[in-house]
Amino acid sequence: MGSLCYLLCVLIVSLLNPISCHGQAKPEGEEHKALFVFGDSLFDAGNNQYLNGSVEGGGAISWPYGETFFKHPAGRLSDGRLVPDFIAQFAKLPLLPPYLQPIEHQFTDGVNFASAGGGVLVQTHPGTINLPTQLSYFKTVVKSLRQKLGDVEAKKVLMRAVYLFSIGGNDYFSFSTQNPNATQSYRRQYVGMVIGNLTSVLKEIYGLGGRKIAFQNAGPLGCVPIMKAMNPQLGSECAKEPSALARLHNRALANVLKNLESKLPGFKYSVFDYYNELEDRIKNPSKYGFKNGNSACCGSGAFRGRNCGKNETEPYELCSDPSEYVWFDGAHTTETANRQLAELIWSGTPNVSGPYNMKQLFGHAGPSHSISIH
């Protein structure tokens with residue numbers, strides 16, 4: 001992987017300078033830290049292209065996905081890099097490959113387990129890689145590290161590593177679609193089930209040595225272009241139910257992480273307030289350098305909410321400059337938006353990423369004050 005990264009750099013660094021070809025070395029005395037990525041399509045670096053018969057994320061292997069940075073489809077549901085790609089860059093790591101890519105993996109750098117369509121719950125989008133399966137893959141990585149490095153060194157790698165999550169959105173998309181008239185009690189019960197299963201996974205990772213957890217919380221799910229396209233009666237307004245579920249989830253997630261920190265020695269965490277940061281870009285795009293926060297760059301129909309790259313069903317439209325858009329397709333942000341979000345995750349102030357930001361988790365700085373989740 002290292003030689004491949006180097007060759008890629010040689011080809012593009014003079015034009016794009018996304019990473020330094022010789023920039024992987026750490027300053028003398030600084031500990032090497034891995035990054036393990038869990039999640040859904042917002043973080044999937046290409047795992048789904050190796051699944052048999054998966055329709056979720058299938059478009060990521062067709063043009064125009066990847067057009068901006070990779071210049072070809074790269075398994076990512078964006079025009080370029082995703083948030084974990086930028087986080088890896090900031091942490092002086094190579095771009096992490098998808099776990100299912102058939103290469104010789106360097107797990108001491110970390111790896112990406114995320115799967116488009118994947119949920120916390122097993123029943124969410126069968127055929128994708130749900131969180132329990134991603135955990136099972138991680139356990140296989142732990143065994144590999146122990147065999148390669150020995151138990152003592154492997155434990156050091158796992159304890160120093162940072163574990164980055166973006167998961168839950170698909171569970172709530174599915175629930176709100178299938179239960180449009182759910183009572184508040186039923187919604188709370190469902191959120192409790194998602195959070196309970198998520199908490200179990202976090203405890204297992206802790207038991208395997210993981211200490212530093214970073215979350216991108218659930219976004220304003222009712223504001224994604226495809227949700228607006230599915231509900232034409234809303235006009236340009238956001239669908240209320242999915243976003244309400246996301247807010248319930250985010251409050252519960254913040255409480256769970258705070259509780260785990262108080263009970264598990266050495267447990268540290270970061271929560272990025274993705275919900276409010278993305279919502280502000282949707283509602284006030286010009287404030288962040290965008291021209292459009294409602295419609296996608298690529299797709300067909302209302303808000304270009306569907307069929308990006310899938311011209312066999314319906315011709316799609318493609319904007320001339322994705323950097324002017326928050327959304328690349330009906331549910332996924334552009335590389336420009338991803339870079340902005342990643343910078344906030346990495347070094348955001350406490351009200352945006354806290355109690356630690358990811359830069360602090362990778363380093364040794366003390367915590368910020370507690371985060372406020374609205």
# chains A, B, ... in the order shown; residues from 1 in each chain; ligands from 1
>>> select_by_dssp(residues="segment 80-178 of chain A", states="helix (DSSP H, G or I)", output="VMD selection string")
chain A and resid 83 to 90 131 to 149 151 to 160 169 to 178
>>> write_last_selection(atoms="C-alpha atoms", output="short mmCIF file (atom, residue, chain, number, x, y, z; two decimals), in the first residue's frame")
data_model
loop_
_atom_site.label_atom_id
_atom_site.label_comp_id
_atom_site.auth_asym_id
_atom_site.auth_seq_id
_atom_site.Cartn_x
_atom_site.Cartn_y
_atom_site.Cartn_z
CA VAL A 83 -14.18 12.77 5.72
CA PRO A 84 -12.00 9.79 6.84
CA ASP A 85 -9.65 10.41 3.88
CA PHE A 86 -9.00 13.92 5.14
CA ILE A 87 -8.69 12.78 8.76
CA ALA A 88 -6.06 10.24 7.68
CA GLN A 89 -4.24 13.02 5.82
CA PHE A 90 -4.31 15.31 8.88
CA LEU A 131 -22.06 -2.67 12.49
CA PRO A 132 -21.94 -6.11 14.19
CA THR A 133 -20.28 -7.50 11.04
CA GLN A 134 -17.86 -4.57 10.95
CA LEU A 135 -17.01 -5.43 14.56
CA SER A 136 -16.35 -9.04 13.54
CA TYR A 137 -13.97 -7.80 10.84
CA PHE A 138 -12.21 -5.68 13.46
CA LYS A 139 -11.78 -8.76 15.67
CA THR A 140 -10.09 -10.48 12.73
CA VAL A 141 -7.74 -7.49 12.44
CA VAL A 142 -6.96 -7.74 16.16
CA LYS A 143 -6.00 -11.41 15.70
CA SER A 144 -3.81 -10.48 12.74
CA LEU A 145 -2.03 -7.76 14.72
CA ARG A 146 -1.43 -10.14 17.63
CA GLN A 147 0.03 -12.76 15.31
CA LYS A 148 2.24 -10.24 13.53
CA LEU A 149 3.37 -8.09 16.46
CA ASP A 151 0.22 -9.47 22.24
CA VAL A 152 2.12 -6.64 23.94
CA GLU A 153 2.84 -4.57 20.81
CA ALA A 154 -0.61 -5.28 19.37
CA LYS A 155 -2.21 -3.95 22.55
CA LYS A 156 -0.14 -0.77 22.24
CA VAL A 157 -1.38 -0.26 18.65
CA LEU A 158 -5.00 -0.79 19.71
CA MET A 159 -4.79 1.48 22.76
CA ARG A 160 -3.11 4.31 20.84
CA GLY A 169 -28.59 7.31 9.70
CA ASN A 170 -29.71 4.28 7.71
CA ASP A 171 -31.49 2.82 10.74
CA TYR A 172 -33.54 6.01 11.03
CA PHE A 173 -34.15 6.39 7.29
CA SER A 174 -35.57 2.85 7.30
CA PHE A 175 -37.66 3.40 10.41
CA SER A 176 -39.20 6.68 9.26
CA THR A 177 -40.01 5.25 5.82
CA GLN A 178 -41.65 2.14 7.28
#
>>> select_by_dssp(residues="segment 185-334 of chain A", states="strand (DSSP E or B)", output="list in words")
Lys212, Ile213, Ala214, Phe215, Gln216, Lys268, Tyr269, Ser270, Val271, Phe272, Asn292, Gly293, Asn294, Ser295, Ala296, Cys298, Gly299, Ser300, Arg306, Glu317, Leu318, Tyr325, Val326, Trp327 and Thr333 of chain A
>>> closest_atom_pairs(of="segment 192-211 of chain A", to="segment 241-257 of chain A", cutoff="9 Å", atoms="only C-alpha atoms", output="Markdown table")
| residue | atom | partner | partner_atom | distance |
| --- | --- | --- | --- | --- |
| A:Gly192 | CA | A:Ala252 | CA | 7.9 |
| A:Val194 | CA | A:His249 | CA | 8.3 |
| A:Ile195 | CA | A:Leu253 | CA | 6.7 |
| A:Leu198 | CA | A:Leu253 | CA | 9.0 |
| A:Thr199 | CA | A:Val256 | CA | 7.3 |
>>> write_last_selection(atoms="N, CA, C and O atoms", output="PDB file, in the first residue's frame")
ATOM      1  N   GLY A 192     -33.652   3.896  21.453  1.00  0.00           N
ATOM      2  CA  GLY A 192     -33.024   3.169  22.559  1.00  0.00           C
ATOM      3  C   GLY A 192     -32.411   1.858  22.106  1.00  0.00           C
ATOM      4  O   GLY A 192     -31.331   1.466  22.581  1.00  0.00           O
ATOM      5  N   VAL A 194     -31.286   1.192  19.003  1.00  0.00           N
ATOM      6  CA  VAL A 194     -30.089   1.527  18.212  1.00  0.00           C
ATOM      7  C   VAL A 194     -28.931   1.881  19.145  1.00  0.00           C
ATOM      8  O   VAL A 194     -27.812   1.361  19.007  1.00  0.00           O
ATOM      9  N   ILE A 195     -29.189   2.766  20.109  1.00  0.00           N
ATOM     10  CA  ILE A 195     -28.140   3.208  21.032  1.00  0.00           C
ATOM     11  C   ILE A 195     -27.628   2.042  21.875  1.00  0.00           C
ATOM     12  O   ILE A 195     -26.419   1.924  22.135  1.00  0.00           O
ATOM     13  N   LEU A 198     -25.347  -0.027  19.746  1.00  0.00           N
ATOM     14  CA  LEU A 198     -24.126   0.736  19.508  1.00  0.00           C
ATOM     15  C   LEU A 198     -23.227   0.721  20.743  1.00  0.00           C
ATOM     16  O   LEU A 198     -22.002   0.538  20.644  1.00  0.00           O
ATOM     17  N   THR A 199     -23.830   0.867  21.904  1.00  0.00           N
ATOM     18  CA  THR A 199     -23.073   0.850  23.159  1.00  0.00           C
ATOM     19  C   THR A 199     -22.372  -0.492  23.355  1.00  0.00           C
ATOM     20  O   THR A 199     -21.214  -0.544  23.795  1.00  0.00           O
TER      21      THR A 199
END
>>> residues_around(residues="Gly266 of chain A", least_positions_apart="3", cutoff="9 Å", atoms="only C-alpha atoms", output="mmCIF file with N, CA, C and O atoms, in the first residue's frame")
data_model
loop_
_atom_site.group_PDB
_atom_site.id
_atom_site.type_symbol
_atom_site.label_atom_id
_atom_site.label_comp_id
_atom_site.auth_asym_id
_atom_site.auth_seq_id
_atom_site.Cartn_x
_atom_site.Cartn_y
_atom_site.Cartn_z
ATOM 1 N N ARG A 211 -9.447 2.744 23.162
ATOM 2 C CA ARG A 211 -9.644 3.741 24.210
ATOM 3 C C ARG A 211 -10.152 5.081 23.684
ATOM 4 O O ARG A 211 -10.760 5.848 24.427
ATOM 5 N N LYS A 212 -9.899 5.390 22.420
ATOM 6 C CA LYS A 212 -10.207 6.726 21.894
ATOM 7 C C LYS A 212 -11.236 6.621 20.774
ATOM 8 O O LYS A 212 -10.957 6.105 19.696
ATOM 9 N N GLU A 261 -17.341 7.208 29.605
ATOM 10 C CA GLU A 261 -16.112 7.866 30.051
ATOM 11 C C GLU A 261 -15.987 7.814 31.579
ATOM 12 O O GLU A 261 -14.892 7.632 32.114
#
>>> residues_around(residues="segment 108-120 of chain A", least_positions_apart="4", cutoff="6 Å", atoms="only C-alpha atoms", output="number ranges by chain")
A: 34-41, 43-44, 47-48, 56-57, 96-99, 124, 128-131, 134, 168, 170-171
